[in-house]
Each structure stands twice: as C-alpha cells, then as structure tokens.
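Novice: Mind having a look at this structure? Questions to follow.
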Amino acid sequence: MMTSGKIFLRVICLSFAVCILLLNHSPVLAQEQPLTPKQILDKVDDLFRSQSSHGFATMTVATAHWQRSLSLEMWSKGKDKSLVRILAPKKEKGTTTLRSGNDIWNYLPKVKRVIKLPSSMMAASWMGSHFTNDDLVKESRMADDYTFEITFKGKVEGEEIVEVTCHPKPEAAVVWGKVLVRAQLKDYLPLSVKYFDEDLRLARTMTFSQVSELGGRLIPAMVTMVPEEKPGESTIIYYEKMGFDIGLDDDFFSLRTLQR
Amino acid sequence: MNTLHYGWRNLWRNTRRTCITLAAVTLSTAILIASYGLMDGLMQHAVSNATDLVVGEVQVHAQGYRRDYSIYKALKRPDLILRAAKLNNVAAAPRRYGYGLVALGTKSAGARFWGVEPALERTTFDLAQHLDKGRFLTETSQRAVVLGQKLARSLQAKIGSEIVVVVQAADGSLGNDLYRVTGILKAVGDSVDRNAALIRAADFAELFVSGDRIHEVALNSRERLSLGKLTEILSVAAPEAEIMSWRQLLPEVSDMVNLFDVSMLIFGLIFLLAAGMGVMNTMLMATYERIREFGILKALGATPWRIIRDVTTEALVLAALGTLLGTIFGLAGSCYLQEVGLDLSIFAGTYSVGGVAFDPIWRATISGKMVYLPVVLMLIIGLVASLYPAALAARLDPVKAIHRP
C-alpha cells in the first residue's frame, strides 16, 4: 500500500534518516504488463526501502535573510523510525531529532533536555529548513488519503518518464490539493515531486539530482526543496556517505539514544 | 411671546392632567439620561479596560507586520516614536515578538514570545498588576518568563517551574534556553491566554539573535489625548509605519461600542415615544374641550396656521418643561451613579464579556451626548405628537364648532 505521499515522505525520510535504498533491479520489470499507478509508486518506493541505514549529509538552507549549512548524521530503520543528529555548526552541535511513528522528540544539548514536539508545531519548519516537521511523520498517515492515476508517460528531454498524480480523497484531511510525482521509467528513480495547495496552485517543488552510488546503490545524492512563494529560497540536502542494512536495533531509536 | 404666554396659560387650565403628562415626560427623560449615563459608563469602562491592560490606545508597527508577524519586519526608527511619545507625555511600551516552542516535562506548546521592558510596561499598562500568581518581570529578572493563563495550564507550569524554550532565531540558528516561570497572568484575551510568554527585551534579543529589532510600540495616554491627536503625533514621528487605534486593534470592542450606541438610540426612541403618546393624548383632550373656543377664534378671523401654532406651542411648552425637569432629575441621578455606582457584586464578582473584564461596581459617566440626545428627541416627539390634534383644531368648521354642545 504505497502512496505518492509515501514516496515523498520516504524521500524525506531519506533526507533526514537517509533511509533506505534497495536497488531493486528486478529483472521482471513487467514491460509486457502495464503497471497500475499504485504499483509504479510502489516501485519508486522500493528504491528507498531498506531495513536500516546510516549516513552523513549536508543541509544547506537559503532564505531571504540568512544562509547556513548544517552537517547531519542520520540513522533509520524501517519506515517509521529515524534519528538525525546535527554535527555542525557549533551552536547546534549535538541537537538531535528522533522520529518514531507520528511522534517527534528533540534533544537540546545546551539545556540537556528532551522535548516532544506538540501537534501544533507540526507545520513549523524543521531546523529552519523548508521541510516541515509534518514532512517527517506524514508518510504513515498519507497512505489512505490519496487516489492515484498515471497522467503522463513518455519522453521529456530525452528521458522516458512516468508521471503519477495523487489526488486527496474527498473526506481526507490533508494539506495538499494535489501531488505530482515524476520518475524515470527505466529504473523508477524519482525526478521531482510537486506539491499543489488546495487551490491547486504550485506550493513547492522537490527535485532529485546527481544520481550517484552511495552505500552500493544508485540514488539521487541531491534533494532540493524550493518553495514557490519565496523566490530565491531553497533547502538542499546533499548525501555524502550512506550505508544500508547495517542492522540497527529498535532500541537504538529511543529517548536514551537521543540524550547520548 | 404672546403665543408662548397663551400656551402656558392654557396648560394650567387642567392642572391635574398637565401634571400627570408632565410627570410622564419628566420621568422618561430622567430615566433615559440616567440609563444613557450607565450605558456609557459601562462602555467606557469596557474600552479603558481593554486598552489599559495591554493593547493601548494606539499601536505602531512596521508596514505589513500584522500580515505575517515576521520577526524581520521591525520598526525602522522606534527611538523616534518613543521620543515623540515622551515629548507629549504619553506612556509608551516597545515590544519585540517572536514565535517558538515552550516545554515542561512531557508537555509542550507553541508560544508567542514578547520581549518587553518591564519598567515601561508597568508605567504604560495594567498588565503588571494583572497576575493570577507570582510576580511580573523586573529589569533584573534574567531568563524569567511570565506565561498566559491557558499556556501555563497546558504546560502544568507553576511558579518556579523551569521551562525549555526553543525558537528559530533571526539568523536561522536554533535558539534554546531554560527559563524560570516567575508569574502567570490572569485572563486577558484568548490569544494572549493561549500563547503569550513574556520575557525581558534583553533576554529576547539574546534568544532570538534579533539585535535591537522592535516590532511594536504601544501607546496609552489613559484618555488624555484623543485617538486623532495620538495618530497625528505618530504619523509625524514615524511616517512610514502602520498606525492603528484600538478601534482597529480590538474590532470586537469597537463593534460592541457601536452596537451599544445604536441600541441606545432605539431604546431611547421607544421610551420617548410612550411619553410622546401622553403628550398627544393631553393635547387631544385639550383640543376637544376647547372646540367651541377654536370655533369662535376662527369666526373672529384666526387663520388655521394660527391655531396650529397655538396648539403646538402648548405641547412644546409642556415637553420643554418636562425635559427641563427630567434633565435636572436625570443629571442628579447620574451624579449619584457616577459617585456611588450600582453594586453588582451580589450577583457576580468580576465578570467578562467578549474577553473584556468588568468591575462589579457599575458606574455612570456624564457626557453632553447623554443629555442632548434625550432632550432633542423628546422635544421633536412632543412637537410631532401635537401636530395631529393641532390639525384637527385647525380644520374645524367655525359654525359647527360654535354650535357643538
């Protein structure tokens, strides 16, 4: 039961927890039998699936008022556990975010306290970036909220791509009016995810680039989030090192680790 | 003069009837003046409660600040605004605002941080006395926080609790620190109760890395200066800023005041209409009694206009006498209500309507409006009420009238 939301969130999971990446070079990539939209999204999703992962990344955030880079170390397990620790700059060094299911905790080394993020802060930015706290956890909730259809299949700039549009179900309480996912047809590597607001205006665009071999897999090393309303602003996550299936215990994603 | 004298004399041809009508007019006017005074007192109390507590009469923000409350939209020259206020002897408080998270134990909540100058808040507003528990901030209370009532409740914070604050600082970094709860506010208004966390301006600047950015200057002259005058002073001191009066800042209070003004007018009209009926009845009776007299007058060559003038003058004299007495009694009543007031404490302690707290002693205020409105209304109604009897008398056929038994 994968959804676009899921992918996207999975991708974010990648951003923060640098999950997952199982280069699923399945030889029976059903050329004869066309895939359903959901299966396509599942395929994309499978790319980012892994039992566990560990990696390093740099997050560069540019806003109208400031620009800064954060060095991150990240761990993940399954689809709903992740831990992100800030290594630099000095002011935030040691600040750690733990996500487990729908809950987020932050550890603040300066005051040596763990705080749980209240639901009212879910829409707030994560560490000043253009990702929200909600982006971290939404994945598990979005599966039921959208319907999917293939809206495009063909060549764009010489690449065979497939585009899946996700529409929220009428009764679903969701933030987005529409989500548009593009992936390469040959290997289902994601290209972009566009988020539209309730008036179906483009709100933000996430693009994937610089496909590189990381931890033995081909994945896009660079994820860029650009908000539509704030020209010139962006958040770029660049993955430097990744390791997959490293065998992390569930215990690792605990408040104890958070305070370590 | 002749007409007036004639009217006056006619009035006292039936002393009892005139006295009863006079009493009705007097009483209506007096009650109306006194109740206008009470209503006005209630409204002024509501307005000054709302403005003196924390909002002020006028606030200055950078243009567009109130659209997104961005920490970057600071006032360009707050020093000029504060100087202008000082020159005009108006108390003013500069404030900084930013958003973040407060947490205590396993509880956490979003908060709006206010960076305030404790001394200036004290002289400008009543907020420093408006505490449910604990004390207000002082200049020396480093990393102390005063919380809104509901915020404190949702954190289960007590005086002395150590809370974690986490904010997105103006340079993009993550500001975080420990603050000690020194006070918890009484109910102020829903948004303040729910998310206000007051800290010293110096602590704010450090937490938010916001330098000397000031987002708001709130001014409160305690009704010494009019809103127009205050706005004028400020628009000279800060021509590029957005200047808003409490009427814009507290639309619900402003609406309440406007609604009260209209309902007072309607209430007054209904009240005086009843008194007007009394006047009309008296004049109708007086006219019927004097049908033969009017017939003779007409036979002697009095024009219909002359008769209308006589009847309406008589009614006006009655109404004028009634409103004069009513004003005297009404003002006396208002003076009493202003000095002593109505004690509602047997019904309720401090109560609040629309987020505005009211005092249990209900006092009247005296203003020109509350006197001239009933007086003018009563005279107009008295005049209109006499037109019908006057028209009847003027249209009499002299021959029939004279032969009427």
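Letters A, B, ... go to the chains of the structure tokens in the order shown; residues in each chain start at 1; ligands are counted from 1 in the same order.
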Give as a list in words every residue of chain A that touches chain B within 8 Å, counting only C-alpha atoms.

Specialist: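 Result, ordered by chain then number: His65, Trp66, Gln67, Arg68, Lys91, Glu92, Leu108, Lys110, Val111, Arg113, Ile115, Lys116, Leu117, Pro118, Ser120, Met121, Met127 and Gly128 of chain A.
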
Novice: I need the residues in segment 156-365 of chain B that are alpha helix (DSSP H) according to DSSP; give them as JSON, numbers by chain.

Specialist: {"B": [190, 191, 192, 193, 194, 195, 201, 202, 203, 204, 205, 206, 207, 227, 228, 229, 230, 231, 232, 233, 234, 235, 236, 237, 246, 247, 248, 249, 251, 252, 253, 254, 255, 256, 257, 258, 259, 260, 261, 262, 263, 264, 265, 266, 267, 268, 269, 270, 271, 272, 273, 274, 275, 276, 277, 278, 279, 280, 281, 282, 283, 284, 285, 286, 287, 288, 289, 291, 292, 293, 294, 295, 296, 297, 298, 299, 304, 305, 306, 307, 308, 309, 310, 311, 312, 313, 314, 315, 316, 317, 318, 319, 320, 321, 322, 323, 324, 325, 326, 327, 328, 329, 330, 331, 332, 333, 334, 335, 336, 337, 338, 339]}

Novice: Rank A:Phe253, A:Ala123, A:Val226, A:Leu248 by their smallest atom-to-atom distance to Asp80 of chain A, using only C-alpha atoms, and report the top residue only.

Specialist: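 Closest candidate: A:Phe253.
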
Novice: Any idea what's packed within 9 Å of segment 68-70 of chain B, counting only C-alpha atoms, ignoring anything in its chain fewer than 5 positions away? Could you give it as a PyMOL selection string?

Specialist: chain B and resi 97-98+215

Novice: For those residues, write N, CA and C atoms to a file as a compact mmCIF listing (two decimals), in the first residue's frame.

Specialist:
# COMPACT_ATOMS: atom_id res chain seq x y z
N TYR B 97 8.53 40.68 19.25
CA TYR B 97 7.74 39.45 19.19
C TYR B 97 8.44 38.38 18.37
N GLY B 98 8.33 37.14 18.82
CA GLY B 98 8.86 36.02 18.04
C GLY B 98 8.13 34.75 18.46
N HIS B 215 9.25 45.41 17.30
CA HIS B 215 8.17 45.17 16.35
C HIS B 215 6.93 46.00 16.62

Novice: Might you pull out every residue within 8 Å of Pro89 of chain A, with only C-alpha atoms counted and same-chain residues fewer than 2 positions away left off, and present them as a list in words?

Specialist: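 Contacts, with the query itself left out: Ser69, Leu70, Ser71, Ile86, Leu87, Lys91, Glu92 and Lys93 of chain A.
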
Novice: Since we have the selection now, will you write its residues out, keeping N, CA and C atoms, as a PDB file, in the first residue's frame?

Specialist:
ATOM      1  N   SER A  69      24.593  26.235   6.581  1.00  0.00           N
ATOM      2  CA  SER A  69      24.723  24.813   6.288  1.00  0.00           C
ATOM      3  C   SER A  69      24.784  24.046   7.590  1.00  0.00           C
ATOM      4  N   LEU A  70      24.120  22.907   7.602  1.00  0.00           N
ATOM      5  CA  LEU A  70      24.175  22.039   8.765  1.00  0.00           C
ATOM      6  C   LEU A  70      24.747  20.695   8.319  1.00  0.00           C
ATOM      7  N   SER A  71      25.670  20.160   9.118  1.00  0.00           N
ATOM      8  CA  SER A  71      26.140  18.803   8.849  1.00  0.00           C
ATOM      9  C   SER A  71      25.308  17.848   9.677  1.00  0.00           C
ATOM     10  N   ILE A  86      22.730  16.779  14.573  1.00  0.00           N
ATOM     11  CA  ILE A  86      23.466  17.871  13.933  1.00  0.00           C
ATOM     12  C   ILE A  86      24.904  17.840  14.433  1.00  0.00           C
ATOM     13  N   LEU A  87      25.852  17.827  13.493  1.00  0.00           N
ATOM     14  CA  LEU A  87      27.269  17.771  13.867  1.00  0.00           C
ATOM     15  C   LEU A  87      27.902  19.159  13.856  1.00  0.00           C
ATOM     16  N   LYS A  91      26.834  26.004  17.351  1.00  0.00           N
ATOM     17  CA  LYS A  91      25.693  26.375  18.194  1.00  0.00           C
ATOM     18  C   LYS A  91      24.684  25.227  18.320  1.00  0.00           C
ATOM     19  N   GLU A  92      24.520  24.479  17.239  1.00  0.00           N
ATOM     20  CA  GLU A  92      23.519  23.404  17.245  1.00  0.00           C
ATOM     21  C   GLU A  92      24.129  22.030  17.453  1.00  0.00           C
ATOM     22  N   LYS A  93      25.443  21.955  17.589  1.00  0.00           N
ATOM     23  CA  LYS A  93      26.112  20.654  17.657  1.00  0.00           C
ATOM     24  C   LYS A  93      25.453  19.768  18.726  1.00  0.00           C
TER      25      LYS A  93
END

Novice: With a distance cut-off of 10 Å and only C-alpha atoms, select the neighbouring residues of Gly247 of chain A, excluding the residue or stretch itself and same-chain residues fewer than 6 positions from it, and output the selection as a ChimeraX atom specification.

Specialist: /A:51-54,77

Novice: Keeping only C-alpha atoms, write the selected residues as an mmCIF file, in the first residue's frame.

Specialist:
data_model
loop_
_atom_site.group_PDB
_atom_site.id
_atom_site.type_symbol
_atom_site.label_atom_id
_atom_site.label_comp_id
_atom_site.auth_asym_id
_atom_site.auth_seq_id
_atom_site.Cartn_x
_atom_site.Cartn_y
_atom_site.Cartn_z
ATOM 1 C CA GLN A 51 15.869 -2.440 6.683
ATOM 2 C CA SER A 52 18.154 0.144 8.137
ATOM 3 C CA SER A 53 20.524 2.878 7.073
ATOM 4 C CA HIS A 54 23.189 5.195 8.344
ATOM 5 C CA LYS A 77 15.062 1.756 10.427
#

Novice: Would you list the contacts of Val162 of chain A as a PDB file with C-alpha atoms, in the first residue's frame, taking every protein, DNA or RNA residue within 6 Å and counting only C-alpha atoms, but skipping same-chain residues closer than 2 positions in sequence?

Specialist:
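Generated file (selection.pdb):
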ATOM      1  CA  PHE A 152       1.775  11.131 -18.369  1.00  0.00           C
ATOM      2  CA  LYS A 153       4.097   8.573 -19.861  1.00  0.00           C
ATOM      3  CA  ARG A 182       7.704  12.129 -11.774  1.00  0.00           C
ATOM      4  CA  ALA A 183      10.095   9.218 -12.033  1.00  0.00           C
ATOM      5  CA  LEU A 185      10.542   4.866 -16.420  1.00  0.00           C
TER       6      LEU A 185
END
